[in-house]
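S.K.: Encoded as structure tokens, here's the structure I'll be asking about.
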Amino acid sequence: MNPNCNVVEVIKDGYENARHLCDLYYINSPEQKLEELNAKSPGQPIQVVYVASHLYHMVFELFKNAMRATMEYHADRGVHPPIQVHITLGNEDLTMKMSDCGGGVLLRKIDRLFNYLYSTAPQPLVETSRAVPLAGFGCGFPISRLYAQYFQGNLKLYSLEGHGTDTVIYLKVLSTESIERLPVYNKAAWKLYNINHEADDWCVPSREPKDITMFHSA
């Protein structure tokens, strides 16, 4: 946990690394236009208490998807519109919107984008003679949303078919609200958590013999 996580620097780092992969695969890459607004402390850099590696993973995956869509949608035009990023820090929320001109996604497919192993990109081929594909593995969106929701934030996707996609990341600013979202522990789950199906550690032998019947499958 970084108490002074510089959001802009993390986003720039994620863009540069995604751009490097894009240059290797497509021999070109779209530029980035970044705008920031610190409504909480005007004139100050946007810094929050957050896990920098979580934020980096989210923006890195989103940049890769945006770049892939932009490069392929404008492949025959020779001009690649820039990816626009808007960052706003308010009293309670940190909001980041990434907008691309990659043609968008069909409305009926948006919800499926957050399913693991589903992707609108072609199935990637592992070739040793070519750079690693930017998308197609079906893990970027669901894992990124999982990271965002872990501290009570969220990740939303809005598409304009025929134009592009807006992806918005919401993060909590107040430490009192950015609480870890963990599995529910209730009476129904207590029995599952309470049963230990593993043998005792060899250096701490069991005082009583194990009941072997509990390990037999039905």
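The chains in the structure tokens are called A, B, ... from first to last as shown; in each chain the residues are counted from 1, and the ligands are counted from 1 in the order shown.
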Env of region 70-84 of chain A: 9 Å cut, atoms = only C-alpha atoms, seq-sep filter 4 positions within chain, self excluded. Answer as a list in words.
M.R.: Cys22, Tyr26, Asn28, Ser29, Pro30, Glu31, Gln32, Lys33, Leu34, Glu35, Phe63, Asn65, Ala66, Lys97, Met98, Ser99, Asp100, Cys101, Gly102, Gly103 and Gly164 of chain A
S.K.: Now that the selection is made, can you save its residues with N, CA and C atoms as a tab-separated table (two decimals), in the first residue's frame?
M.R.:
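Final output, selection.tsv:
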chain	number	residue	atom	x	y	z
A	22	CYS	N	2.79	-2.59	-28.33
A	22	CYS	CA	2.05	-2.25	-29.53
A	22	CYS	C	3.00	-1.96	-30.69
A	26	TYR	N	2.49	-4.07	-33.98
A	26	TYR	CA	1.87	-3.36	-35.10
A	26	TYR	C	2.81	-2.38	-35.80
A	28	ASN	N	3.61	0.37	-34.92
A	28	ASN	CA	3.13	1.74	-34.68
A	28	ASN	C	2.24	1.70	-33.45
A	29	SER	N	1.84	2.85	-32.96
A	29	SER	CA	0.97	2.90	-31.77
A	29	SER	C	0.30	4.26	-31.69
A	30	PRO	N	-0.90	4.32	-31.12
A	30	PRO	CA	-1.59	5.61	-30.95
A	30	PRO	C	-0.97	6.42	-29.81
A	31	GLU	N	-1.05	7.74	-29.95
A	31	GLU	CA	-0.56	8.62	-28.90
A	31	GLU	C	-1.55	8.66	-27.74
A	32	GLN	N	-1.12	9.30	-26.67
A	32	GLN	CA	-1.97	9.46	-25.49
A	32	GLN	C	-2.17	10.94	-25.20
A	33	LYS	N	-3.40	11.32	-24.93
A	33	LYS	CA	-3.71	12.67	-24.48
A	33	LYS	C	-4.27	12.58	-23.07
A	34	LEU	N	-3.57	13.13	-22.13
A	34	LEU	CA	-3.94	12.99	-20.71
A	34	LEU	C	-4.32	14.34	-20.12
A	35	GLU	N	-5.46	14.37	-19.47
A	35	GLU	CA	-5.92	15.57	-18.77
A	35	GLU	C	-6.22	15.19	-17.33
A	63	PHE	N	-5.03	-0.08	-21.61
A	63	PHE	CA	-4.27	0.51	-22.70
A	63	PHE	C	-4.04	-0.51	-23.81
A	65	ASN	N	-5.88	-3.08	-24.65
A	65	ASN	CA	-7.13	-3.29	-25.37
A	65	ASN	C	-7.45	-2.11	-26.27
A	66	ALA	N	-7.27	-0.90	-25.75
A	66	ALA	CA	-7.57	0.30	-26.53
A	66	ALA	C	-6.64	0.42	-27.73
A	97	LYS	N	-11.13	8.00	-16.81
A	97	LYS	CA	-11.84	7.58	-18.02
A	97	LYS	C	-10.86	7.48	-19.18
A	98	MET	N	-10.87	6.33	-19.83
A	98	MET	CA	-10.01	6.09	-20.99
A	98	MET	C	-10.91	5.93	-22.22
A	99	SER	N	-10.71	6.78	-23.21
A	99	SER	CA	-11.54	6.79	-24.41
A	99	SER	C	-10.70	6.48	-25.63
A	100	ASP	N	-11.18	5.53	-26.45
A	100	ASP	CA	-10.48	5.21	-27.69
A	100	ASP	C	-11.45	5.31	-28.86
A	101	CYS	N	-10.90	5.30	-30.06
A	101	CYS	CA	-11.69	5.34	-31.29
A	101	CYS	C	-11.48	4.04	-32.05
A	102	GLY	N	-11.67	2.93	-31.34
A	102	GLY	CA	-11.41	1.63	-31.92
A	102	GLY	C	-12.62	0.91	-32.46
A	103	GLY	N	-13.72	1.65	-32.71
A	103	GLY	CA	-14.90	1.03	-33.31
A	103	GLY	C	-15.96	0.56	-32.34
A	164	GLY	N	-16.12	4.11	-30.76
A	164	GLY	CA	-15.09	3.70	-29.81
A	164	GLY	C	-15.68	3.28	-28.48
S.K.: Could you check which of A:Asp93, A:Ala39, A:Glu177, A:His57 is closest to Leu146 (chain A), using only C-alpha atoms?
M.R.: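 Among the listed residues, A:His57 lies closest to Leu146 (chain A).
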S.K.: Which residue gives the smallest distance to Val173 (chain A) among A:Lys12, A:Lys40, A:His54, A:His20, with only C-alpha atoms counted?
M.R.: A:Lys40
S.K.: Residues within 6 Å of region 155-160 of chain A, please, as a VMD selection string. Count only C-alpha atoms; anything in the same chain fewer than 2 positions from it doesn't count.
M.R.: chain A and resid 104 to 105 145 163 to 169
S.K.: Just asking: which residues within region 71-114 of chain A are helix (DSSP H, G or I) according to DSSP, as a ChimeraX atom specification?
M.R.: /A:71-73,107-114
S.K.: Please write the residues from the selection above to a file, keeping N, CA and C atoms, as a short mmCIF file (atom, residue, chain, number, x, y, z; two decimals), in the first residue's frame.
M.R.:
data_model
loop_
_atom_site.label_atom_id
_atom_site.label_comp_id
_atom_site.auth_asym_id
_atom_site.auth_seq_id
_atom_site.Cartn_x
_atom_site.Cartn_y
_atom_site.Cartn_z
N MET A 71 -5.61 0.29 -33.50
CA MET A 71 -4.72 -0.07 -34.60
C MET A 71 -5.44 -0.91 -35.65
N GLU A 72 -6.29 -1.82 -35.24
CA GLU A 72 -6.96 -2.69 -36.19
C GLU A 72 -8.14 -2.00 -36.87
N TYR A 73 -8.84 -1.13 -36.14
CA TYR A 73 -9.99 -0.44 -36.73
C TYR A 73 -9.55 0.58 -37.78
N LEU A 107 -23.45 -3.97 -28.10
CA LEU A 107 -24.10 -3.91 -26.79
C LEU A 107 -24.33 -5.30 -26.22
N ARG A 108 -24.70 -6.25 -27.05
CA ARG A 108 -25.00 -7.60 -26.56
C ARG A 108 -23.74 -8.35 -26.11
N LYS A 109 -22.58 -7.80 -26.40
CA LYS A 109 -21.34 -8.47 -26.02
C LYS A 109 -20.64 -7.83 -24.82
N ILE A 110 -21.12 -6.67 -24.39
CA ILE A 110 -20.41 -5.93 -23.34
C ILE A 110 -20.32 -6.73 -22.04
N ASP A 111 -21.44 -7.30 -21.61
CA ASP A 111 -21.43 -8.06 -20.35
C ASP A 111 -20.51 -9.27 -20.44
N ARG A 112 -20.39 -9.85 -21.61
CA ARG A 112 -19.55 -11.04 -21.75
C ARG A 112 -18.07 -10.69 -21.68
N LEU A 113 -17.73 -9.43 -21.86
CA LEU A 113 -16.32 -9.04 -21.81
C LEU A 113 -15.72 -9.27 -20.43
N PHE A 114 -16.57 -9.35 -19.41
CA PHE A 114 -16.08 -9.56 -18.06
C PHE A 114 -16.11 -11.04 -17.66
#
S.K.: Would you please work out which residue, of A:Val51, A:Tyr170, A:Gly90, A:Glu180, is nearest to Val10 (chain A) when using only C-alpha atoms?
M.R.: A:Val51
S.K.: Calculated over only C-alpha atoms, which of the candidates A:Leu171, A:Leu21, A:Val8, A:Ala52 has the smallest distance to Tyr150 (chain A)?
M.R.: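 Looking at the shortest contact to Tyr150 (chain A), the residue is A:Leu171.
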S.K.: Report as a PyMOL selection string all protein, DNA and RNA residues lying within 9 Å of Pro45 (chain A), evaluated on only C-alpha atoms, omitting residues in the same chain fewer than 3 positions from it.
M.R.: chain A and resi 6-8+36+38+41-42
S.K.: Would you write out those residues with all heavy atoms, as a compact mmCIF listing (two decimals), in the first residue's frame?
M.R.:
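Writing the result to out-v2.txt gives the following:
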# COMPACT_ATOMS: atom_id res chain seq x y z
N ASN A 6 1.21 8.23 -6.82
CA ASN A 6 1.06 9.26 -7.86
C ASN A 6 0.33 8.63 -9.05
O ASN A 6 0.91 7.87 -9.81
CB ASN A 6 2.42 9.80 -8.28
CG ASN A 6 2.30 11.06 -9.14
OD1 ASN A 6 1.54 11.09 -10.10
ND2 ASN A 6 3.05 12.08 -8.79
N VAL A 7 -0.93 8.97 -9.18
CA VAL A 7 -1.79 8.33 -10.17
C VAL A 7 -1.31 8.61 -11.59
O VAL A 7 -1.26 7.70 -12.43
CB VAL A 7 -3.25 8.81 -10.00
CG1 VAL A 7 -4.14 8.21 -11.08
CG2 VAL A 7 -3.76 8.42 -8.62
N VAL A 8 -0.95 9.85 -11.87
CA VAL A 8 -0.52 10.21 -13.23
C VAL A 8 0.73 9.45 -13.63
O VAL A 8 0.84 8.97 -14.77
CB VAL A 8 -0.30 11.73 -13.33
CG1 VAL A 8 0.27 12.10 -14.70
CG2 VAL A 8 -1.60 12.48 -13.08
N GLU A 36 -5.79 16.03 -16.41
CA GLU A 36 -6.02 15.76 -14.98
C GLU A 36 -6.66 16.96 -14.30
O GLU A 36 -6.38 18.11 -14.64
CB GLU A 36 -4.71 15.40 -14.29
CG GLU A 36 -3.62 16.43 -14.41
CD GLU A 36 -2.36 16.04 -13.67
OE1 GLU A 36 -2.45 15.80 -12.45
OE2 GLU A 36 -1.30 15.99 -14.31
N ASN A 38 -7.56 18.05 -10.31
CA ASN A 38 -7.57 17.80 -8.87
C ASN A 38 -8.54 18.77 -8.23
O ASN A 38 -8.19 19.90 -7.85
CB ASN A 38 -6.17 17.98 -8.28
CG ASN A 38 -6.07 17.47 -6.85
OD1 ASN A 38 -7.07 17.36 -6.15
ND2 ASN A 38 -4.86 17.15 -6.41
N SER A 41 -7.70 19.25 -4.21
CA SER A 41 -6.59 20.16 -3.89
C SER A 41 -6.07 20.75 -5.19
O SER A 41 -5.10 20.24 -5.76
CB SER A 41 -5.48 19.43 -3.14
OG SER A 41 -5.95 18.84 -1.94
N PRO A 42 -6.72 21.81 -5.70
CA PRO A 42 -6.33 22.38 -6.99
C PRO A 42 -4.86 22.78 -7.02
O PRO A 42 -4.32 23.34 -6.07
CB PRO A 42 -7.24 23.62 -7.10
CG PRO A 42 -8.42 23.29 -6.25
CD PRO A 42 -7.88 22.50 -5.10
S.K.: Work out how far CA of Tyr56 (chain A) is from CA of Leu89 (chain A), in Å to one decimal.
M.R.: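 These two atoms are separated by 17.3 Å.
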S.K.: So, with only C-alpha atoms as the atoms that count, which of A:Phe151, A:Tyr116, A:Phe141, A:Phe60 lies closest to Glu16 (chain A)?
M.R.: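 Looking only at the distances to Glu16 (chain A), the closest residue turns out to be A:Phe60.
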